[in-house]
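Student: Shown below is the structure under consideration.
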Amino acid sequence: MVLAALITAAASVPRSFLVCGLLGLVLLWQGGRLLDKLWWRPRRLERALRAQGLRGTSYRFLTGDIKEFGRLNEEAWCRPLPLGCHDIVPRVTPFLYNNVREHGKTCFSWFGPMPNVTITDPAFVKDVLSNKFGHFEKPQFPALTKLLSDGLTSHDGEKWVKHRRILNPAFHLEKLKLMLPAFSASCEELVSRWTQSLGSDGSCELDVWPELQTLTGDVIARTAFGSNYLEGRRIFELQAEQAERFIGAIQKIVIPGYMYLPTKNNKRMRQINKEVNLILRGLIGKRIQAMNEGESTNDDLLGLLLESNMRGTDESGQSSLGMTIEDVIEECKLFYFAGMETTSVLLTWTMVLLSMHPEWQDRAREEVIGLFGKNKPEYEGLSRLKTLTMILHEVLRLYPPAIVFSRKTYKEMKIGGVTYPAGVIVELPVLFIHHDSDTWGSDVHEFRPDRFAEGISKASRDPGAFLPFGWGPRICIGQNFALLEAKMALCMILQQFEFQLAPSYSHAPHTVMTLHPMHGAQIKLRAL
């Protein structure tokens, strides 16, 4: 009787009222979910962390610490450092520096509504990066990541394993040796261009930062695309612009749906992504056609990826074990960004520091001339460079390209006596760890390459404190590529030039994805 009465009553209600009522319920439900995500859940996580003795900033609705992060950066970045000062943490990452100083070496802050726990103990950092507990994944921002590169570094689980397995052959020692002619050709072009810039007194002043970006972009183009490298140079220019815009967008991504708004920056990022994808799809199409006609893959990155992809297709032509064409595009985008960016940053800071410390420049040149004379460097000699290797390691310690690694808990886990709930970002501040006097000693801010004289493991009080390329199974796949390229470039530069800082140089490291010289790297070259 009651049910029949309710049905009769409902039937008598106008349909528009029912639709409005249902819509109201849906909006109320969605509003509740949003309120929980942006307020109640962060408050629960904050209480859980504080209850275990962790200290940190208090949660601010929606934005967290992003405004304070930006404000401190603006203040710090407007003042350059004294020449020769390598105590760069307060300038490069002032928010982290202040937070650790106020709340301790394990503390938390807020990236929007997400708690961001900073862990600086090398032993715990190694545990996180080795993923020994299996409870970590890379923080995902799909709408933004796709615009830069949705490649190996953004994958987890089986997809990461598959892509890593396919990519590994491209970075084996035998393959790297085959890439040396490409390294050498690009470096010869650089040295020739610099030689032509010399004045009548045999010297000139150059901003080597864009010069070295061009060099490493050219190397990537040659090693990724072989004979088609000229077509790939445009990708380097576009990816560089995309990285700049990425930083501006990532600080606002905590606003729900921000990346889908038609802002000027968002529209330009989509235009860049479309053009990069179009160029890569064209290059891939040409290579597939050439491979189908029996041409060699040339052992470059694109050929290796496509060869793996072809091995992994079923009878219908659908990708089964290998990568899809879209996967190949994303890996090429990542290879461009990671390969070009990391090595150009390393080379730039190495030239700056060797200019600041000419005694080490002389020692490096003496070693290079002793091994190669004025001849083109070859692999066996490059592998015997002890002084230059120590210099590169010390530059990577003081000025690591990537200043922080991040992971995210996807289930509750315990590390260092603290239980972290699911949904916590774990921040591993490489730059801070590399500048920690408790680990590296009282001379931590001094340029002392000889601290690596007995290898990386004995350079500090903790063998796991040197992390420029990460650690564990996800250690950078291209680290040997980057170091070999850097050695080749520096050898050829040291053979031809001596260099010092130009009067116009301003020592102002800051982050744009990686650790850039804010106002360039003006160097005075003199021919030998």
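Just remember, in the structure tokens the first chain shown is A, the second B, etc., residues are 1-based per chain, and ligands are 1-based in the order shown.
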Can you tell me which residues surround Ile166 in chain A at a distance of at most 7 Å, considering only C-alpha atoms, apart from same-chain residues fewer than 3 positions away, and format the answer as a PyMOL selection string?
Tutor: chain A and resi 162-163+169+305+308
Student: Contacts of range 145-160 of chain A at 6 Å or less, counting only C-alpha atoms, minus same-chain residues fewer than 6 places along, as JSON, numbers by chain?
Tutor: {"A": [273, 330, 331, 333, 334]}
Student: Of the candidates A:Ile247, A:Ile477, A:Ile415, A:Val161, which one gets nearest to Met323 in chain A if we count only C-alpha atoms?
Tutor: A:Val161
Student: Taking only C-alpha atoms into account, name the residue in A:Met114, A:Arg79, A:Thr57, A:Leu306 that is nearest to Asn98 in chain A.
Tutor: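 Nearest to Asn98 in chain A: A:Thr57.
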Student: Can you pull out the residues contacting range 367-384 of chain A? Cut-off 7 Å, using only C-alpha atoms, and skip same-chain residues under 2 positions away; I want them as a VMD selection string.
Tutor: chain A and resid 177 363 to 365 386 487 to 488 491 495
Student: Write out as a VMD selection string all residues of range 28-201 of chain A that DSSP puts in strand (DSSP E or B) for this structure's backbone.
Tutor: chain A and resid 55 to 56 64 81 106 to 111 114 to 119 136 to 137
Student: Take the residues that were just selected and, keeping C-alpha atoms, output them as a compact mmCIF listing (two decimals), in the first residue's frame.
Tutor:
```txt
# COMPACT_ATOMS: atom_id res chain seq x y z
CA ARG A 55 56.61 18.59 11.56
CA GLY A 56 55.77 20.82 8.63
CA GLY A 64 48.79 24.59 -0.07
CA LEU A 81 75.47 34.75 -5.79
CA THR A 106 62.23 14.87 7.53
CA CYS A 107 59.35 17.30 7.20
CA PHE A 108 56.29 17.97 5.09
CA SER A 109 54.73 20.74 3.03
CA TRP A 110 51.78 20.95 0.62
CA PHE A 111 51.63 20.75 -3.16
CA MET A 114 48.69 16.77 -1.57
CA PRO A 115 51.12 16.35 1.36
CA ASN A 116 54.74 16.49 0.22
CA VAL A 117 57.10 14.71 2.65
CA THR A 118 60.80 15.57 2.33
CA ILE A 119 63.24 12.74 3.17
CA PHE A 136 55.82 3.65 -4.61
CA GLU A 137 54.89 5.00 -8.00
```
Student: From the list A:Thr387, A:Thr348, A:Gln196, A:Thr120, which residue is nearest Arg448 in chain A when using only C-alpha atoms?
Tutor: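 Of A:Thr387, A:Thr348, A:Gln196, A:Thr120, the one nearest Arg448 in chain A is A:Thr387, counting only C-alpha atoms.
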Student: For His507 in chain A, which residue out of A:Ile272, A:Ala521, A:Val444, A:Leu483 is the nearest one, using only C-alpha atoms?
Tutor: A:Ala521
Student: Please indicate the distance in Å from CA of Ala453 in chain A to CA of Leu129 in chain A, rounded to one decimal place.
Tutor: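 So the answer is 26.0 Å.
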Student: I'd like to know which of A:Pro509, A:Gly417, A:Pro210, A:Gly104 is closest to Phe236 in chain A, using only C-alpha atoms.
Tutor: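 Selected residue with least distance to Phe236 in chain A: A:Pro210.
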Student: Enumerate as an NGL selection string all residues of range 287-417 of chain A assigned to alpha helix (DSSP H) by DSSP on the backbone, naming them with the chain letters and numbers the document uses.
Tutor: :A and (287-292 or 301-311 or 325-356 or 358-372 or 379-382 or 386-398)
Student: Produce a file of the selected residues containing C-alpha atoms, as an mmCIF file, in the first residue's frame.
Tutor:
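What follows is the written file part33.cif:
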```
data_model
loop_
_atom_site.group_PDB
_atom_site.id
_atom_site.type_symbol
_atom_site.label_atom_id
_atom_site.label_comp_id
_atom_site.auth_asym_id
_atom_site.auth_seq_id
_atom_site.Cartn_x
_atom_site.Cartn_y
_atom_site.Cartn_z
ATOM 1 C CA ARG A 287 61.745 4.854 -41.349
ATOM 2 C CA ILE A 288 59.085 2.135 -41.376
ATOM 3 C CA GLN A 289 58.872 2.394 -45.152
ATOM 4 C CA ALA A 290 62.669 2.171 -45.446
ATOM 5 C CA MET A 291 62.791 -0.843 -43.125
ATOM 6 C CA ASN A 292 60.029 -2.572 -45.105
ATOM 7 C CA LEU A 301 67.369 4.967 -31.325
ATOM 8 C CA LEU A 302 64.441 5.225 -33.701
ATOM 9 C CA GLY A 303 65.563 2.169 -35.645
ATOM 10 C CA LEU A 304 65.968 0.148 -32.455
ATOM 11 C CA LEU A 305 62.544 1.128 -31.174
ATOM 12 C CA LEU A 306 60.812 0.327 -34.445
ATOM 13 C CA GLU A 307 62.655 -2.967 -34.742
ATOM 14 C CA SER A 308 61.397 -3.910 -31.281
ATOM 15 C CA ASN A 309 57.912 -2.767 -32.219
ATOM 16 C CA MET A 310 57.855 -4.889 -35.369
ATOM 17 C CA ARG A 311 58.964 -7.936 -33.407
ATOM 18 C CA ILE A 325 53.581 4.079 -32.729
ATOM 19 C CA GLU A 326 52.270 6.496 -30.073
ATOM 20 C CA ASP A 327 54.630 4.900 -27.540
ATOM 21 C CA VAL A 328 57.564 5.367 -29.908
ATOM 22 C CA ILE A 329 56.656 9.040 -30.374
ATOM 23 C CA GLU A 330 56.588 9.605 -26.610
ATOM 24 C CA GLU A 331 59.920 7.838 -26.067
ATOM 25 C CA CYS A 332 61.532 9.958 -28.806
ATOM 26 C CA LYS A 333 60.203 13.098 -27.106
ATOM 27 C CA LEU A 334 61.647 11.941 -23.788
ATOM 28 C CA PHE A 335 64.988 11.032 -25.333
ATOM 29 C CA TYR A 336 65.214 14.526 -26.790
ATOM 30 C CA PHE A 337 64.372 16.275 -23.552
ATOM 31 C CA ALA A 338 66.320 14.074 -21.111
ATOM 32 C CA GLY A 339 69.344 13.567 -23.341
ATOM 33 C CA MET A 340 69.712 17.132 -24.552
ATOM 34 C CA GLU A 341 68.806 18.832 -21.287
ATOM 35 C CA THR A 342 70.879 16.773 -18.851
ATOM 36 C CA THR A 343 74.120 16.875 -20.848
ATOM 37 C CA SER A 344 73.896 20.564 -21.786
ATOM 38 C CA VAL A 345 73.388 21.446 -18.097
ATOM 39 C CA LEU A 346 76.362 19.281 -17.075
ATOM 40 C CA LEU A 347 78.641 20.758 -19.753
ATOM 41 C CA THR A 348 77.640 24.339 -18.963
ATOM 42 C CA TRP A 349 78.272 24.101 -15.234
ATOM 43 C CA THR A 350 81.534 22.231 -15.884
ATOM 44 C CA MET A 351 82.822 25.087 -18.050
ATOM 45 C CA VAL A 352 81.679 27.638 -15.456
ATOM 46 C CA LEU A 353 83.374 25.799 -12.587
ATOM 47 C CA LEU A 354 86.580 25.151 -14.534
ATOM 48 C CA SER A 355 86.614 28.893 -15.264
ATOM 49 C CA MET A 356 86.262 29.610 -11.549
ATOM 50 C CA PRO A 358 91.632 27.318 -13.395
ATOM 51 C CA GLU A 359 94.004 24.983 -11.548
ATOM 52 C CA TRP A 360 91.579 22.110 -12.243
ATOM 53 C CA GLN A 361 91.128 23.261 -15.845
ATOM 54 C CA ASP A 362 94.909 23.008 -16.270
ATOM 55 C CA ARG A 363 94.988 19.542 -14.707
ATOM 56 C CA ALA A 364 92.165 18.330 -16.946
ATOM 57 C CA ARG A 365 93.843 19.733 -20.088
ATOM 58 C CA GLU A 366 97.169 18.146 -19.138
ATOM 59 C CA GLU A 367 95.434 14.775 -18.836
ATOM 60 C CA VAL A 368 93.597 15.174 -22.157
ATOM 61 C CA ILE A 369 96.711 16.267 -24.072
ATOM 62 C CA GLY A 370 98.680 13.459 -22.464
ATOM 63 C CA LEU A 371 96.198 10.853 -23.692
ATOM 64 C CA PHE A 372 95.186 12.238 -27.087
ATOM 65 C CA TYR A 379 86.699 5.290 -26.594
ATOM 66 C CA GLU A 380 89.601 3.535 -24.870
ATOM 67 C CA GLY A 381 91.210 6.862 -24.010
ATOM 68 C CA LEU A 382 87.931 8.368 -22.810
ATOM 69 C CA LYS A 386 90.523 9.922 -14.228
ATOM 70 C CA THR A 387 90.882 13.657 -13.538
ATOM 71 C CA LEU A 388 88.103 14.679 -15.926
ATOM 72 C CA THR A 389 85.821 11.984 -14.468
ATOM 73 C CA MET A 390 86.422 13.330 -10.944
ATOM 74 C CA ILE A 391 85.637 16.849 -12.178
ATOM 75 C CA LEU A 392 82.365 15.718 -13.782
ATOM 76 C CA HIS A 393 81.328 13.911 -10.602
ATOM 77 C CA GLU A 394 82.045 16.979 -8.473
ATOM 78 C CA VAL A 395 80.070 19.199 -10.860
ATOM 79 C CA LEU A 396 77.179 16.724 -10.697
ATOM 80 C CA ARG A 397 77.371 16.838 -6.906
ATOM 81 C CA LEU A 398 77.360 20.624 -6.612
#
```
Student: Counting only C-alpha atoms, what is within 12 Å of Trp39 in chain A, bar same-chain residues fewer than 4 positions away, as an NGL selection string?
Tutor: :A and (31-35 or 43-46 or 59-64 or 112-115)
Student: Could you write out that same residue set with N, CA and C atoms as a PDB file, in the first residue's frame?
Tutor:
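And here's selection.pdb as it stands now:
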```
ATOM      1  N   GLY A  31      30.008  17.707  -5.226  1.00  0.00           N
ATOM      2  CA  GLY A  31      30.526  18.737  -4.336  1.00  0.00           C
ATOM      3  C   GLY A  31      31.120  18.147  -3.070  1.00  0.00           C
ATOM      4  N   GLY A  32      30.456  17.108  -2.547  1.00  0.00           N
ATOM      5  CA  GLY A  32      30.982  16.432  -1.364  1.00  0.00           C
ATOM      6  C   GLY A  32      32.324  15.771  -1.634  1.00  0.00           C
ATOM      7  N   ARG A  33      32.432  15.141  -2.794  1.00  0.00           N
ATOM      8  CA  ARG A  33      33.703  14.512  -3.162  1.00  0.00           C
ATOM      9  C   ARG A  33      34.807  15.549  -3.296  1.00  0.00           C
ATOM     10  N   LEU A  34      34.478  16.674  -3.930  1.00  0.00           N
ATOM     11  CA  LEU A  34      35.474  17.723  -4.116  1.00  0.00           C
ATOM     12  C   LEU A  34      35.897  18.318  -2.776  1.00  0.00           C
ATOM     13  N   LEU A  35      34.932  18.528  -1.884  1.00  0.00           N
ATOM     14  CA  LEU A  35      35.249  19.064  -0.561  1.00  0.00           C
ATOM     15  C   LEU A  35      36.132  18.101   0.212  1.00  0.00           C
ATOM     16  N   ARG A  43      43.316  17.358   5.672  1.00  0.00           N
ATOM     17  CA  ARG A  43      43.353  17.531   7.130  1.00  0.00           C
ATOM     18  C   ARG A  43      43.597  16.201   7.836  1.00  0.00           C
ATOM     19  N   ARG A  44      42.964  15.116   7.316  1.00  0.00           N
ATOM     20  CA  ARG A  44      43.192  13.784   7.916  1.00  0.00           C
ATOM     21  C   ARG A  44      44.649  13.369   7.765  1.00  0.00           C
ATOM     22  N   LEU A  45      45.208  13.604   6.558  1.00  0.00           N
ATOM     23  CA  LEU A  45      46.601  13.232   6.327  1.00  0.00           C
ATOM     24  C   LEU A  45      47.549  14.061   7.194  1.00  0.00           C
ATOM     25  N   GLU A  46      47.250  15.325   7.365  1.00  0.00           N
ATOM     26  CA  GLU A  46      48.097  16.179   8.204  1.00  0.00           C
ATOM     27  C   GLU A  46      48.098  15.683   9.648  1.00  0.00           C
ATOM     28  N   TYR A  59      48.230  23.053   6.335  1.00  0.00           N
ATOM     29  CA  TYR A  59      47.559  23.026   5.041  1.00  0.00           C
ATOM     30  C   TYR A  59      46.718  24.287   4.840  1.00  0.00           C
ATOM     31  N   ARG A  60      46.860  24.887   3.645  1.00  0.00           N
ATOM     32  CA  ARG A  60      46.019  26.003   3.223  1.00  0.00           C
ATOM     33  C   ARG A  60      45.112  25.513   2.107  1.00  0.00           C
ATOM     34  N   PHE A  61      43.849  25.850   2.185  1.00  0.00           N
ATOM     35  CA  PHE A  61      42.848  25.330   1.253  1.00  0.00           C
ATOM     36  C   PHE A  61      43.263  25.522  -0.201  1.00  0.00           C
ATOM     37  N   LEU A  62      43.184  24.453  -0.946  1.00  0.00           N
ATOM     38  CA  LEU A  62      43.407  24.375  -2.395  1.00  0.00           C
ATOM     39  C   LEU A  62      44.860  24.556  -2.809  1.00  0.00           C
ATOM     40  N   THR A  63      45.478  25.681  -2.458  1.00  0.00           N
ATOM     41  CA  THR A  63      46.811  25.981  -2.995  1.00  0.00           C
ATOM     42  C   THR A  63      47.949  25.413  -2.171  1.00  0.00           C
ATOM     43  N   GLY A  64      47.697  25.070  -0.905  1.00  0.00           N
ATOM     44  CA  GLY A  64      48.790  24.586  -0.071  1.00  0.00           C
ATOM     45  C   GLY A  64      49.879  25.635   0.055  1.00  0.00           C
ATOM     46  N   GLY A 112      49.513  21.924  -3.326  1.00  0.00           N
ATOM     47  CA  GLY A 112      48.057  21.957  -3.396  1.00  0.00           C
ATOM     48  C   GLY A 112      47.508  21.146  -2.239  1.00  0.00           C
ATOM     49  N   PRO A 113      46.547  20.246  -2.487  1.00  0.00           N
ATOM     50  CA  PRO A 113      45.975  19.436  -1.409  1.00  0.00           C
ATOM     51  C   PRO A 113      46.761  18.158  -1.113  1.00  0.00           C
ATOM     52  N   MET A 114      47.907  17.985  -1.759  1.00  0.00           N
ATOM     53  CA  MET A 114      48.695  16.766  -1.566  1.00  0.00           C
ATOM     54  C   MET A 114      49.856  17.010  -0.616  1.00  0.00           C
ATOM     55  N   PRO A 115      49.984  16.197   0.454  1.00  0.00           N
ATOM     56  CA  PRO A 115      51.124  16.348   1.355  1.00  0.00           C
ATOM     57  C   PRO A 115      52.410  15.924   0.671  1.00  0.00           C
TER      58      PRO A 115
END
```
Student: Quick one, how far is CA of Ile433 in chain A from CA of Pro517 in chain A?
Tutor: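 Result for CA of Ile433 in chain A versus CA of Pro517 in chain A: 20.5 Å, one decimal.
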Student: When you look at Ile475 in chain A with a cut-off of 10 Å (counting only C-alpha atoms), what residues show up, excluding the ones that are within fewer than 5 positions of it in the same chain? I need them as a compact mmCIF listing (two decimals) with C-alpha atoms, in the first residue's frame.
Tutor:
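Contents of part-v3.txt, as written:
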```
# COMPACT_ATOMS: atom_id res chain seq x y z
CA LEU A 129 64.33 4.68 -5.01
CA SER A 130 65.03 0.95 -4.89
CA THR A 153 60.08 8.02 -16.78
CA LEU A 467 72.33 10.67 -6.70
CA PRO A 468 72.61 12.75 -9.89
CA PHE A 469 71.08 9.97 -11.98
CA GLY A 470 68.84 8.43 -9.33
```
Student: Report, in Å to a single decimal, how far apart CA of Asp87 in chain A and CA of Ser506 in chain A are.
Tutor: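 Taking CA of Ser506 in chain A and CA of Asp87 in chain A, their separation equals 15.1 Å.
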Student: Any idea what's packed within 10 Å of His519 in chain A, counting only C-alpha atoms, ignoring anything in its chain fewer than 6 positions away? Could you give it as a short mmCIF file (atom, residue, chain, number, x, y, z; two decimals) with C-alpha atoms, in the first residue's frame?
Tutor:
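Resulting contents of part_34.cif:
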```cif
data_model
loop_
_atom_site.label_atom_id
_atom_site.label_comp_id
_atom_site.auth_asym_id
_atom_site.auth_seq_id
_atom_site.Cartn_x
_atom_site.Cartn_y
_atom_site.Cartn_z
CA PRO A 80 72.87 36.57 -7.86
CA ASP A 207 77.39 32.66 -23.93
CA TRP A 209 74.75 27.96 -22.47
CA SER A 504 79.33 40.04 -17.79
CA TYR A 505 78.77 36.63 -16.15
CA SER A 506 76.31 36.59 -13.24
CA HIS A 507 76.31 33.51 -11.00
CA ALA A 508 72.60 32.78 -10.73
CA PRO A 509 71.63 29.09 -10.84
CA HIS A 510 67.87 28.43 -10.87
#
```
Student: Using only C-alpha atoms, which residues sit within 12 Å of Gly199 in chain A once same-chain residues fewer than 6 positions away are excluded, as a list in words?
Tutor: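 My list of contacting residues is Glu205, Leu206, Lys524, Leu525, Arg526 and Ala527 of chain A.
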